[in-house]
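Q: I am sharing upload-v7.pdb, which consists of PDB, C-alpha atoms, pLDDT in the B column:
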ATOM      1  CA  MET A   1     113.873  95.382  84.954  1.00 42.00           C
ATOM      2  CA  GLN A   2     114.559  92.568  82.521  1.00 44.00           C
ATOM      3  CA  LYS A   3     111.530  91.553  80.555  1.00 44.00           C
ATOM      4  CA  GLY A   4     109.956  88.341  81.768  1.00 45.00           C
ATOM      5  CA  LYS A   5     112.011  88.339  84.940  1.00 47.00           C
ATOM      6  CA  VAL A   6     111.095  89.796  88.268  1.00 47.00           C
ATOM      7  CA  SER A   7     113.591  91.620  90.410  1.00 46.00           C
ATOM      8  CA  THR A   8     113.279  93.731  93.537  1.00 48.00           C
ATOM      9  CA  ALA A   9     114.946  97.024  94.380  1.00 47.00           C
ATOM     10  CA  SER A  10     117.298  95.237  96.766  1.00 47.00           C
ATOM     11  CA  GLU A  11     118.460  93.025  93.892  1.00 48.00           C
ATOM     12  CA  SER A  12     119.448  96.029  91.828  1.00 46.00           C
ATOM     13  CA  GLY A  13     122.452  96.407  94.115  1.00 47.00           C
ATOM     14  CA  ASN A  14     122.043 100.140  94.343  1.00 50.00           C
ATOM     15  CA  GLU A  15     122.185 101.052  98.006  1.00 48.00           C
ATOM     16  CA  ASP A  16     120.957 104.572  97.242  1.00 52.00           C
ATOM     17  CA  ASP A  17     117.548 103.147  96.329  1.00 62.00           C
ATOM     18  CA  TYR A  18     115.129 104.287  98.999  1.00 73.00           C
ATOM     19  CA  LEU A  19     111.976 102.277  99.357  1.00 78.00           C
ATOM     20  CA  GLU A  20     108.961 104.561  99.201  1.00 84.00           C
ATOM     21  CA  TRP A  21     105.354 103.715 100.044  1.00 87.00           C
ATOM     22  CA  ASP A  22     104.529 103.935  96.349  1.00 89.00           C
ATOM     23  CA  ASP A  23     107.087 101.213  95.580  1.00 89.00           C
ATOM     24  CA  LEU A  24     105.696  98.958  98.282  1.00 90.00           C
ATOM     25  CA  GLU A  25     102.132  99.494  97.135  1.00 92.00           C
ATOM     26  CA  ARG A  26     103.154  98.756  93.554  1.00 93.00           C
ATOM     27  CA  TYR A  27     104.634  95.434  94.679  1.00 93.00           C
ATOM     28  CA  ALA A  28     101.711  94.639  96.997  1.00 94.00           C
ATOM     29  CA  PHE A  29      98.820  95.524  94.727  1.00 95.00           C
ATOM     30  CA  GLY A  30     100.462  94.945  91.351  1.00 94.00           C
ATOM     31  CA  TYR A  31     102.707  91.929  91.737  1.00 92.00           C
ATOM     32  CA  LEU A  32     101.254  90.180  94.755  1.00 95.00           C
ATOM     33  CA  GLY A  33      97.582  91.071  94.231  1.00 94.00           C
ATOM     34  CA  MET A  34      97.098  91.886  97.907  1.00 95.00           C
ATOM     35  CA  SER A  35      94.101  93.841  99.158  1.00 95.00           C
ATOM     36  CA  LYS A  36      94.697  97.100 101.001  1.00 93.00           C
ATOM     37  CA  LYS A  37      93.715  95.478 104.296  1.00 93.00           C
ATOM     38  CA  GLN A  38      96.101  92.563 103.720  1.00 94.00           C
ATOM     39  CA  PHE A  39      98.906  94.975 102.929  1.00 94.00           C
ATOM     40  CA  LEU A  40      98.351  97.191 105.966  1.00 93.00           C
ATOM     41  CA  LYS A  41      98.100  94.183 108.283  1.00 93.00           C
ATOM     42  CA  SER A  42     101.194  92.413 106.936  1.00 94.00           C
ATOM     43  CA  THR A  43     104.448  92.927 108.795  1.00 93.00           C
ATOM     44  CA  PRO A  44     107.581  93.807 106.806  1.00 92.00           C
ATOM     45  CA  ARG A  45     108.774  90.256 107.450  1.00 93.00           C
ATOM     46  CA  GLU A  46     105.609  88.630 106.073  1.00 94.00           C
ATOM     47  CA  PHE A  47     105.619  90.999 103.126  1.00 94.00           C
ATOM     48  CA  THR A  48     109.283  90.348 102.303  1.00 93.00           C
ATOM     49  CA  ASN A  49     108.760  86.582 102.541  1.00 94.00           C
ATOM     50  CA  ARG A  50     105.734  86.801 100.306  1.00 95.00           C
ATOM     51  CA  LEU A  51     107.547  88.974  97.770  1.00 93.00           C
ATOM     52  CA  SER A  52     110.685  86.843  97.714  1.00 93.00           C
ATOM     53  CA  GLY A  53     108.534  83.705  97.293  1.00 95.00           C
ATOM     54  CA  PHE A  54     106.789  85.390  94.390  1.00 95.00           C
ATOM     55  CA  VAL A  55     110.095  86.426  92.800  1.00 94.00           C
ATOM     56  CA  GLN A  56     111.430  82.892  93.244  1.00 94.00           C
ATOM     57  CA  LEU A  57     108.323  81.385  91.642  1.00 95.00           C
ATOM     58  CA  GLU A  58     108.394  83.811  88.714  1.00 95.00           C
ATOM     59  CA  ASN A  59     112.092  83.185  88.142  1.00 93.00           C
ATOM     60  CA  GLN A  60     111.480  79.442  88.286  1.00 93.00           C
ATOM     61  CA  ARG A  61     108.735  79.774  85.653  1.00 95.00           C
ATOM     62  CA  TYR A  62     111.022  81.932  83.527  1.00 95.00           C
ATOM     63  CA  TYR A  63     113.893  79.428  83.744  1.00 93.00           C
ATOM     64  CA  GLN A  64     111.583  76.533  82.890  1.00 94.00           C
ATOM     65  CA  GLN A  65     110.133  78.411  79.937  1.00 96.00           C
ATOM     66  CA  MET A  66     113.598  79.262  78.654  1.00 94.00           C
ATOM     67  CA  ASP A  67     114.757  75.660  79.145  1.00 93.00           C
ATOM     68  CA  MET A  68     111.791  74.436  77.123  1.00 94.00           C
ATOM     69  CA  ASN A  69     112.471  76.975  74.386  1.00 94.00           C
ATOM     70  CA  ARG A  70     116.097  75.870  74.272  1.00 93.00           C
ATOM     71  CA  MET A  71     115.142  72.213  74.044  1.00 93.00           C
ATOM     72  CA  LEU A  72     112.717  72.965  71.220  1.00 94.00           C
ATOM     73  CA  MET A  73     115.257  75.097  69.391  1.00 92.00           C
ATOM     74  CA  PHE A  74     117.916  72.411  69.782  1.00 91.00           C
ATOM     75  CA  THR A  75     115.586  69.668  68.515  1.00 92.00           C
ATOM     76  CA  ILE A  76     114.724  71.714  65.437  1.00 93.00           C
ATOM     77  CA  VAL A  77     118.274  72.792  64.698  1.00 91.00           C
ATOM     78  CA  LYS A  78     120.159  69.554  65.457  1.00 89.00           C
ATOM     79  CA  PRO A  79     119.487  67.700  62.156  1.00 89.00           C
ATOM     80  CA  HIS A  80     120.789  70.695  60.241  1.00 91.00           C
ATOM     81  CA  LEU A  81     124.002  71.197  62.196  1.00 89.00           C
ATOM     82  CA  LYS A  82     127.386  70.901  60.511  1.00 89.00           C
ATOM     83  CA  LYS A  83     129.338  67.713  61.200  1.00 87.00           C
ATOM     84  CA  GLU A  84     131.791  69.438  63.530  1.00 86.00           C
ATOM     85  CA  LEU A  85     128.927  70.688  65.665  1.00 85.00           C
ATOM     86  CA  GLN A  86     126.994  67.409  65.824  1.00 84.00           C
ATOM     87  CA  HIS A  87     128.633  66.311  69.064  1.00 85.00           C
ATOM     88  CA  LYS A  88     127.638  69.509  70.865  1.00 86.00           C
ATOM     89  CA  THR A  89     124.965  69.364  73.546  1.00 86.00           C
ATOM     90  CA  LEU A  90     122.210  71.921  73.928  1.00 86.00           C
ATOM     91  CA  TYR A  91     124.132  73.338  76.878  1.00 87.00           C
ATOM     92  CA  ASP A  92     127.119  73.980  74.601  1.00 88.00           C
ATOM     93  CA  LEU A  93     125.064  75.562  71.856  1.00 88.00           C
ATOM     94  CA  TYR A  94     122.702  77.657  73.941  1.00 89.00           C
ATOM     95  CA  PRO A  95     124.286  78.232  77.318  1.00 89.00           C
ATOM     96  CA  PHE A  96     122.315  80.132  79.957  1.00 90.00           C
ATOM     97  CA  PRO A  97     123.944  81.949  82.875  1.00 87.00           C
ATOM     98  CA  TRP A  98     122.130  79.704  85.353  1.00 84.00           C
ATOM     99  CA  ASP A  99     123.567  76.485  83.838  1.00 84.00           C
ATOM    100  CA  GLU A 100     126.885  77.291  85.441  1.00 77.00           C
ATOM    101  CA  LEU A 101     125.185  78.206  88.710  1.00 72.00           C
ATOM    102  CA  GLU A 102     123.349  74.907  88.731  1.00 68.00           C
ATOM    103  CA  GLU A 103     126.582  72.985  88.169  1.00 64.00           C
ATOM    104  CA  LYS A 104     128.256  74.858  91.021  1.00 64.00           C
ATOM    105  CA  THR A 105     125.351  74.323  93.424  1.00 65.00           C
ATOM    106  CA  SER A 106     124.983  70.655  92.522  1.00 62.00           C
ATOM    107  CA  SER A 107     126.196  68.545  95.454  1.00 64.00           C
ATOM    108  CA  PHE A 108     127.180  65.587  93.215  1.00 68.00           C
ATOM    109  CA  SER A 109     130.219  65.387  90.960  1.00 70.00           C
ATOM    110  CA  GLU A 110     129.938  64.063  87.410  1.00 70.00           C
ATOM    111  CA  GLU A 111     131.495  60.762  88.520  1.00 77.00           C
ATOM    112  CA  GLU A 112     129.027  60.416  91.399  1.00 79.00           C
ATOM    113  CA  LYS A 113     126.119  61.123  89.073  1.00 77.00           C
ATOM    114  CA  LYS A 114     127.349  58.428  86.660  1.00 80.00           C
ATOM    115  CA  GLN A 115     127.763  55.918  89.491  1.00 83.00           C
ATOM    116  CA  SER A 116     124.338  56.731  90.873  1.00 83.00           C
ATOM    117  CA  ALA A 117     122.732  56.294  87.452  1.00 84.00           C
ATOM    118  CA  ALA A 118     124.630  53.032  86.859  1.00 86.00           C
ATOM    119  CA  SER A 119     123.573  51.566  90.219  1.00 86.00           C
ATOM    120  CA  PHE A 120     119.955  52.643  89.575  1.00 86.00           C
ATOM    121  CA  TRP A 121     119.865  50.823  86.238  1.00 88.00           C
ATOM    122  CA  ASP A 122     121.624  47.789  87.723  1.00 88.00           C
ATOM    123  CA  LYS A 123     118.819  47.529  90.277  1.00 87.00           C
ATOM    124  CA  ILE A 124     116.204  47.766  87.528  1.00 87.00           C
ATOM    125  CA  ASP A 125     118.024  45.107  85.487  1.00 88.00           C
ATOM    126  CA  ASN A 126     118.162  42.792  88.508  1.00 87.00           C
ATOM    127  CA  GLN A 127     114.449  43.264  89.179  1.00 85.00           C
ATOM    128  CA  VAL A 128     113.610  42.535  85.549  1.00 85.00           C
ATOM    129  CA  ALA A 129     115.915  39.460  85.566  1.00 85.00           C
ATOM    130  CA  LYS A 130     114.201  38.134  88.717  1.00 82.00           C
ATOM    131  CA  LYS A 131     110.752  38.536  87.173  1.00 76.00           C
ATOM    132  CA  ASP A 132     111.864  36.687  84.026  1.00 71.00           C
TER     133      ASP A 132
ATOM    134  CA  MET B   1     103.157  84.159 115.278  1.00 60.00           C
ATOM    135  CA  ALA B   2     101.495  85.019 118.597  1.00 70.00           C
ATOM    136  CA  VAL B   3      99.842  88.431 118.692  1.00 81.00           C
ATOM    137  CA  LEU B   4     101.199  90.763 121.338  1.00 87.00           C
ATOM    138  CA  LYS B   5      98.565  92.277 123.622  1.00 90.00           C
ATOM    139  CA  LEU B   6      98.879  95.289 125.880  1.00 90.00           C
ATOM    140  CA  ASP B   7      96.559  96.015 128.808  1.00 89.00           C
ATOM    141  CA  ILE B   8      95.303  99.594 128.647  1.00 90.00           C
ATOM    142  CA  ASN B   9      92.703 100.838 131.147  1.00 88.00           C
ATOM    143  CA  GLY B  10      91.864  97.248 132.077  1.00 89.00           C
ATOM    144  CA  LYS B  11      91.365  95.979 128.532  1.00 90.00           C
ATOM    145  CA  ALA B  12      93.795  93.981 126.373  1.00 91.00           C
ATOM    146  CA  TYR B  13      94.524  95.433 122.937  1.00 92.00           C
ATOM    147  CA  PRO B  14      96.433  93.638 120.173  1.00 93.00           C
ATOM    148  CA  VAL B  15      99.553  95.334 118.814  1.00 93.00           C
ATOM    149  CA  LEU B  16     100.406  94.643 115.185  1.00 93.00           C
ATOM    150  CA  PHE B  17     103.538  96.074 113.610  1.00 93.00           C
ATOM    151  CA  GLY B  18     102.240  95.849 110.066  1.00 92.00           C
ATOM    152  CA  TYR B  19     102.811  98.356 107.291  1.00 93.00           C
ATOM    153  CA  GLY B  20      99.651 100.132 108.414  1.00 93.00           C
ATOM    154  CA  ALA B  21     101.345 100.948 111.719  1.00 93.00           C
ATOM    155  CA  PHE B  22     104.440 102.245 109.959  1.00 92.00           C
ATOM    156  CA  LYS B  23     102.338 104.320 107.601  1.00 92.00           C
ATOM    157  CA  LEU B  24     100.562 105.957 110.547  1.00 92.00           C
ATOM    158  CA  LEU B  25     103.878 106.439 112.259  1.00 91.00           C
ATOM    159  CA  GLY B  26     105.314 108.021 109.116  1.00 91.00           C
ATOM    160  CA  VAL B  27     102.500 110.612 109.159  1.00 91.00           C
ATOM    161  CA  ARG B  28     103.017 111.236 112.883  1.00 91.00           C
ATOM    162  CA  TRP B  29     106.788 111.616 112.565  1.00 90.00           C
ATOM    163  CA  LYS B  30     106.561 113.443 109.216  1.00 91.00           C
ATOM    164  CA  VAL B  31     108.747 110.882 107.463  1.00 88.00           C
ATOM    165  CA  SER B  32     107.801 110.087 103.867  1.00 83.00           C
ATOM    166  CA  GLY B  33     109.518 106.822 102.919  1.00 85.00           C
ATOM    167  CA  VAL B  34     109.675 103.382 104.497  1.00 86.00           C
ATOM    168  CA  SER B  35     113.465 103.302 104.497  1.00 86.00           C
ATOM    169  CA  GLN B  36     113.675 106.709 106.177  1.00 87.00           C
ATOM    170  CA  LEU B  37     111.131 105.626 108.780  1.00 89.00           C
ATOM    171  CA  MET B  38     113.134 102.500 109.631  1.00 88.00           C
ATOM    172  CA  GLN B  39     116.262 104.636 109.834  1.00 87.00           C
ATOM    173  CA  THR B  40     114.487 106.977 112.259  1.00 87.00           C
ATOM    174  CA  VAL B  41     113.437 104.011 114.419  1.00 87.00           C
ATOM    175  CA  ALA B  42     116.966 102.596 114.337  1.00 87.00           C
ATOM    176  CA  THR B  43     118.517 105.972 115.210  1.00 86.00           C
ATOM    177  CA  THR B  44     116.019 106.635 118.020  1.00 84.00           C
ATOM    178  CA  PHE B  45     116.537 103.299 119.743  1.00 81.00           C
ATOM    179  CA  SER B  46     120.219 102.775 118.920  1.00 79.00           C
ATOM    180  CA  THR B  47     121.303 104.060 122.334  1.00 74.00           C
ATOM    181  CA  VAL B  48     118.857 101.916 124.338  1.00 71.00           C
ATOM    182  CA  ASP B  49     120.738  99.763 126.792  1.00 69.00           C
ATOM    183  CA  ASN B  50     118.924  97.024 128.713  1.00 62.00           C
ATOM    184  CA  THR B  51     115.508  98.670 128.334  1.00 61.00           C
ATOM    185  CA  ASP B  52     116.906 101.840 129.907  1.00 73.00           C
ATOM    186  CA  PHE B  53     114.866 104.396 127.976  1.00 77.00           C
ATOM    187  CA  SER B  54     115.109 108.159 127.945  1.00 82.00           C
ATOM    188  CA  PHE B  55     111.849 110.182 128.050  1.00 85.00           C
ATOM    189  CA  GLU B  56     112.134 110.903 124.352  1.00 85.00           C
ATOM    190  CA  GLN B  57     112.678 107.228 123.526  1.00 86.00           C
ATOM    191  CA  MET B  58     109.735 106.276 125.749  1.00 88.00           C
ATOM    192  CA  ASP B  59     107.510 108.741 123.889  1.00 90.00           C
ATOM    193  CA  LYS B  60     108.615 107.345 120.554  1.00 90.00           C
ATOM    194  CA  LEU B  61     108.013 103.805 121.771  1.00 91.00           C
ATOM    195  CA  ALA B  62     104.528 104.772 122.950  1.00 92.00           C
ATOM    196  CA  GLU B  63     103.850 106.261 119.497  1.00 93.00           C
ATOM    197  CA  LEU B  64     105.108 103.076 117.871  1.00 93.00           C
ATOM    198  CA  VAL B  65     102.828 100.930 120.049  1.00 93.00           C
ATOM    199  CA  PHE B  66      99.869 103.295 119.587  1.00 93.00           C
ATOM    200  CA  SER B  67     100.279 102.974 115.809  1.00 93.00           C
ATOM    201  CA  GLY B  68     100.547  99.186 116.219  1.00 93.00           C
ATOM    202  CA  ILE B  69      97.227  99.097 118.101  1.00 94.00           C
ATOM    203  CA  GLN B  70      95.600 101.459 115.589  1.00 92.00           C
ATOM    204  CA  ASN B  71      96.747  99.136 112.814  1.00 92.00           C
ATOM    205  CA  ALA B  72      95.437  96.027 114.569  1.00 91.00           C
ATOM    206  CA  LYS B  73      92.067  97.754 115.065  1.00 87.00           C
ATOM    207  CA  LEU B  74      92.004  99.018 111.475  1.00 81.00           C
ATOM    208  CA  GLY B  75      89.505 101.848 111.013  1.00 72.00           C
ATOM    209  CA  LYS B  76      88.171 101.764 114.566  1.00 81.00           C
ATOM    210  CA  ASP B  77      88.362 104.651 117.032  1.00 85.00           C
ATOM    211  CA  LEU B  78      90.435 103.883 120.079  1.00 88.00           C
ATOM    212  CA  PRO B  79      89.048 104.814 123.523  1.00 90.00           C
ATOM    213  CA  PHE B  80      92.433 105.870 124.911  1.00 91.00           C
ATOM    214  CA  THR B  81      95.228 108.326 124.230  1.00 90.00           C
ATOM    215  CA  LEU B  82      98.954 108.140 123.671  1.00 90.00           C
ATOM    216  CA  ASP B  83      99.489 108.935 127.357  1.00 90.00           C
ATOM    217  CA  ASP B  84      97.436 105.879 128.343  1.00 92.00           C
ATOM    218  CA  VAL B  85      99.734 103.714 126.220  1.00 92.00           C
ATOM    219  CA  ALA B  86     102.833 105.242 127.821  1.00 90.00           C
ATOM    220  CA  MET B  87     101.301 104.707 131.276  1.00 90.00           C
ATOM    221  CA  ALA B  88     100.433 101.072 130.461  1.00 90.00           C
ATOM    222  CA  MET B  89     104.042 100.437 129.482  1.00 88.00           C
ATOM    223  CA  LEU B  90     105.345 102.106 132.620  1.00 86.00           C
ATOM    224  CA  LEU B  91     103.015 100.057 134.816  1.00 86.00           C
ATOM    225  CA  ASP B  92     104.139  96.790 133.246  1.00 83.00           C
ATOM    226  CA  ALA B  93     107.783  97.282 132.305  1.00 80.00           C
ATOM    227  CA  SER B  94     108.158  93.627 131.302  1.00 84.00           C
ATOM    228  CA  LYS B  95     105.886  94.426 128.353  1.00 86.00           C
ATOM    229  CA  ILE B  96     108.559  96.682 126.901  1.00 87.00           C
ATOM    230  CA  THR B  97     110.768  93.659 126.256  1.00 86.00           C
ATOM    231  CA  ASP B  98     107.818  91.874 124.591  1.00 89.00           C
ATOM    232  CA  ILE B  99     107.097  94.947 122.471  1.00 89.00           C
ATOM    233  CA  ILE B 100     110.696  95.198 121.304  1.00 88.00           C
ATOM    234  CA  LYS B 101     110.756  91.466 120.556  1.00 89.00           C
ATOM    235  CA  ALA B 102     107.508  91.734 118.567  1.00 91.00           C
ATOM    236  CA  PHE B 103     108.921  94.690 116.655  1.00 90.00           C
ATOM    237  CA  VAL B 104     112.173  92.876 115.862  1.00 89.00           C
ATOM    238  CA  ASP B 105     110.202  89.755 114.841  1.00 90.00           C
ATOM    239  CA  SER B 106     108.165  91.828 112.416  1.00 91.00           C
ATOM    240  CA  MET B 107     111.320  92.862 110.558  1.00 90.00           C
ATOM    241  CA  PRO B 108     112.601  90.846 107.585  1.00 87.00           C
ATOM    242  CA  LYS B 109     115.299  88.305 108.293  1.00 81.00           C
ATOM    243  CA  ALA B 110     118.650  88.405 106.481  1.00 73.00           C
ATOM    244  CA  ASP B 111     118.346  87.203 102.902  1.00 63.00           C
ATOM    245  CA  LYS B 112     119.392  83.580 102.528  1.00 56.00           C
ATOM    246  CA  GLY B 113     119.588  84.038  98.766  1.00 50.00           C
ATOM    247  CA  CYS B 114     117.597  82.025  96.302  1.00 46.00           C
ATOM    248  CA  LYS B 115     118.742  79.246  94.064  1.00 49.00           C
ATOM    249  CA  LYS B 116     117.315  78.334  90.772  1.00 49.00           C
ATOM    250  CA  GLY B 117     114.291  76.212  91.610  1.00 45.00           C
ATOM    251  CA  LYS B 118     113.670  73.367  89.206  1.00 43.00           C
TER     252      LYS B 118
END
Step by step, read the file and then write its structure as structure tokens.
A:
Amino acid sequence: MQKGKVSTASESGNEDDYLEWDDLERYAFGYLGMSKKQFLKSTPREFTNRLSGFVQLENQRYYQQMDMNRMLMFTIVKPHLKKELQHKTLYDLYPFPWDELEEKTSSFSEEEKKQSAASFWDKIDNQVAKKD
Amino acid sequence: MAVLKLDINGKAYPVLFGYGAFKLLGVRWKVSGVSQLMQTVATTFSTVDNTDFSFEQMDKLAELVFSGIQNAKLGKDLPFTLDDVAMAMLLDASKITDIIKAFVDSMPKADKGCKKGK
């Protein structure tokens, strides 16, 4: 398992992995902090939902932490960059695998994002102009 | 999720297909892992057609339900036997459909995948 990131046996992609009671108990008592009674009473569906929610939350925290580290690193390094690298964004300098994923899953194109931002600021400008 | 109840000897007992039930079932069927247990269940009931059960399948189903009741009544002694459970299911055959539905509902749904949450 990658440090700082949570993955489940099913994510390992190895179909030969058999889930044993020990594995389940490790997840239940270790990761999820369930009591024995909670574990025994939970159906596989409830347990899987709980575990996948936990994995999602941990991954989200990990991504946010890494994003913050990148931003900090970029801010520190930027003044010292060579001229030819000055135009680079933090995404160019420190790309993460999930940057690409985020771009692919984004429902708006770059042009749409620009238009949306422009119309938002136009509205703000109009409101400010009316107040003045 | 509504809790399934089965009438046995005139009293309604909740049936809960939690991991406790599967653990008890694993001991009863002498199956060590969760995956193997689910495979055994799938293999046993793969030939069931329209709730047309063989005697062996009926026995296994009774064991499954018995474990489900034992799990719902965690740590308490039950005042009936496996045969009483089988008889209760035979007397009210419509319950078999409910039991199968409850069992299927207790299983995880297909993974929808998870996106990066931000």
Q: For B:Ala2, list every protein, DNA or RNA residue within 12 Å, evaluated using all atoms listed in the file, and leave out those in the same chain fewer than 3 positions away; present the list as a ChimeraX atom specification.
A: /B:5,14-16,98,101-102,105-106
Q: Hey, which of B:Phe80, B:Phe45, B:Phe17, B:Phe53 ends up closest to chain A? Count only C-alpha atoms.
A: B:Phe17
Q: Neighbours of B:Lys23 within 9 Å (all atoms listed in the file; same-chain residues fewer than 5 positions away dropped), as a list of chain:residue names?
A: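 The contact residues come out as A:Trp21, A:Leu40, B:Gly18, B:Arg28, B:Ser32, B:Gly33, B:Val34, B:Leu37, B:Ser67.
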Q: Grab the atom CA of B:Leu4 to atom CA of B:Ala42 distance for me, in Å with one decimal place.
A: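 So the two atoms, atom CA of B:Leu4 and atom CA of B:Ala42, lie 20.9 Å apart.
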Q: Using only C-alpha atoms, give me every residue within 12 Å of (119.4, 83.9, 79.6) in file coordinates, as a list in words.
A: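 So the residues meeting the distance criterion are Gln2, Lys3, Gly4, Lys5, Asn59, Tyr62, Tyr63, Gln64, Gln65, Met66, Asp67, Asn69, Arg70, Tyr91, Tyr94, Pro95, Phe96, Pro97, Trp98, Asp99 and Glu100 of chain A.
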Q: One decimal, in Å: what's the spacing between atom CA of B:Ala21 and atom CA of A:Gly30?
A: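 Atom CA of A:Gly30 lies at a distance of 21.3 Å from atom CA of B:Ala21.
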Q: Do you have, as a tab-separated table, the list of residues of chain A lying at most 7 Å from chain B, each with its nearest atom pair and that distance in Å to one decimal, counting only C-alpha atoms and ordered by chain then number?
A:
residue	atom	partner	partner_atom	distance
A:Tyr18	CA	B:Ser35	CA	5.8
A:Leu19	CA	B:Ser35	CA	5.4
A:Glu20	CA	B:Gly33	CA	4.4
A:Trp21	CA	B:Gly33	CA	5.9
A:Phe39	CA	B:Tyr19	CA	6.8
A:Leu40	CA	B:Gly20	CA	4.0
A:Lys41	CA	B:Gly18	CA	4.8
A:Ser42	CA	B:Gly18	CA	4.8
A:Thr43	CA	B:Gly18	CA	3.9
A:Pro44	CA	B:Met107	CA	5.4
A:Arg45	CA	B:Pro108	CA	3.9
A:Thr48	CA	B:Pro108	CA	6.3
A:Gln56	CA	B:Cys114	CA	6.9
A:Gln60	CA	B:Gly117	CA	5.4
Q: Can you tell me how far atom CA of B:Glu56 sits from atom CA of B:Ile69, in Å to one decimal?
A: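 For atom CA of B:Glu56 relative to atom CA of B:Ile69, the distance reads 20.0 Å.
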Q: Give me the residues near stretch 86-96 of chain B as a ChimeraX atom specification, where near means some atom within 7 Å (using only C-alpha atoms) and where sequence neighbours in that chain fewer than 4 positions away do not count.
A: /B:7-8,62,82,100
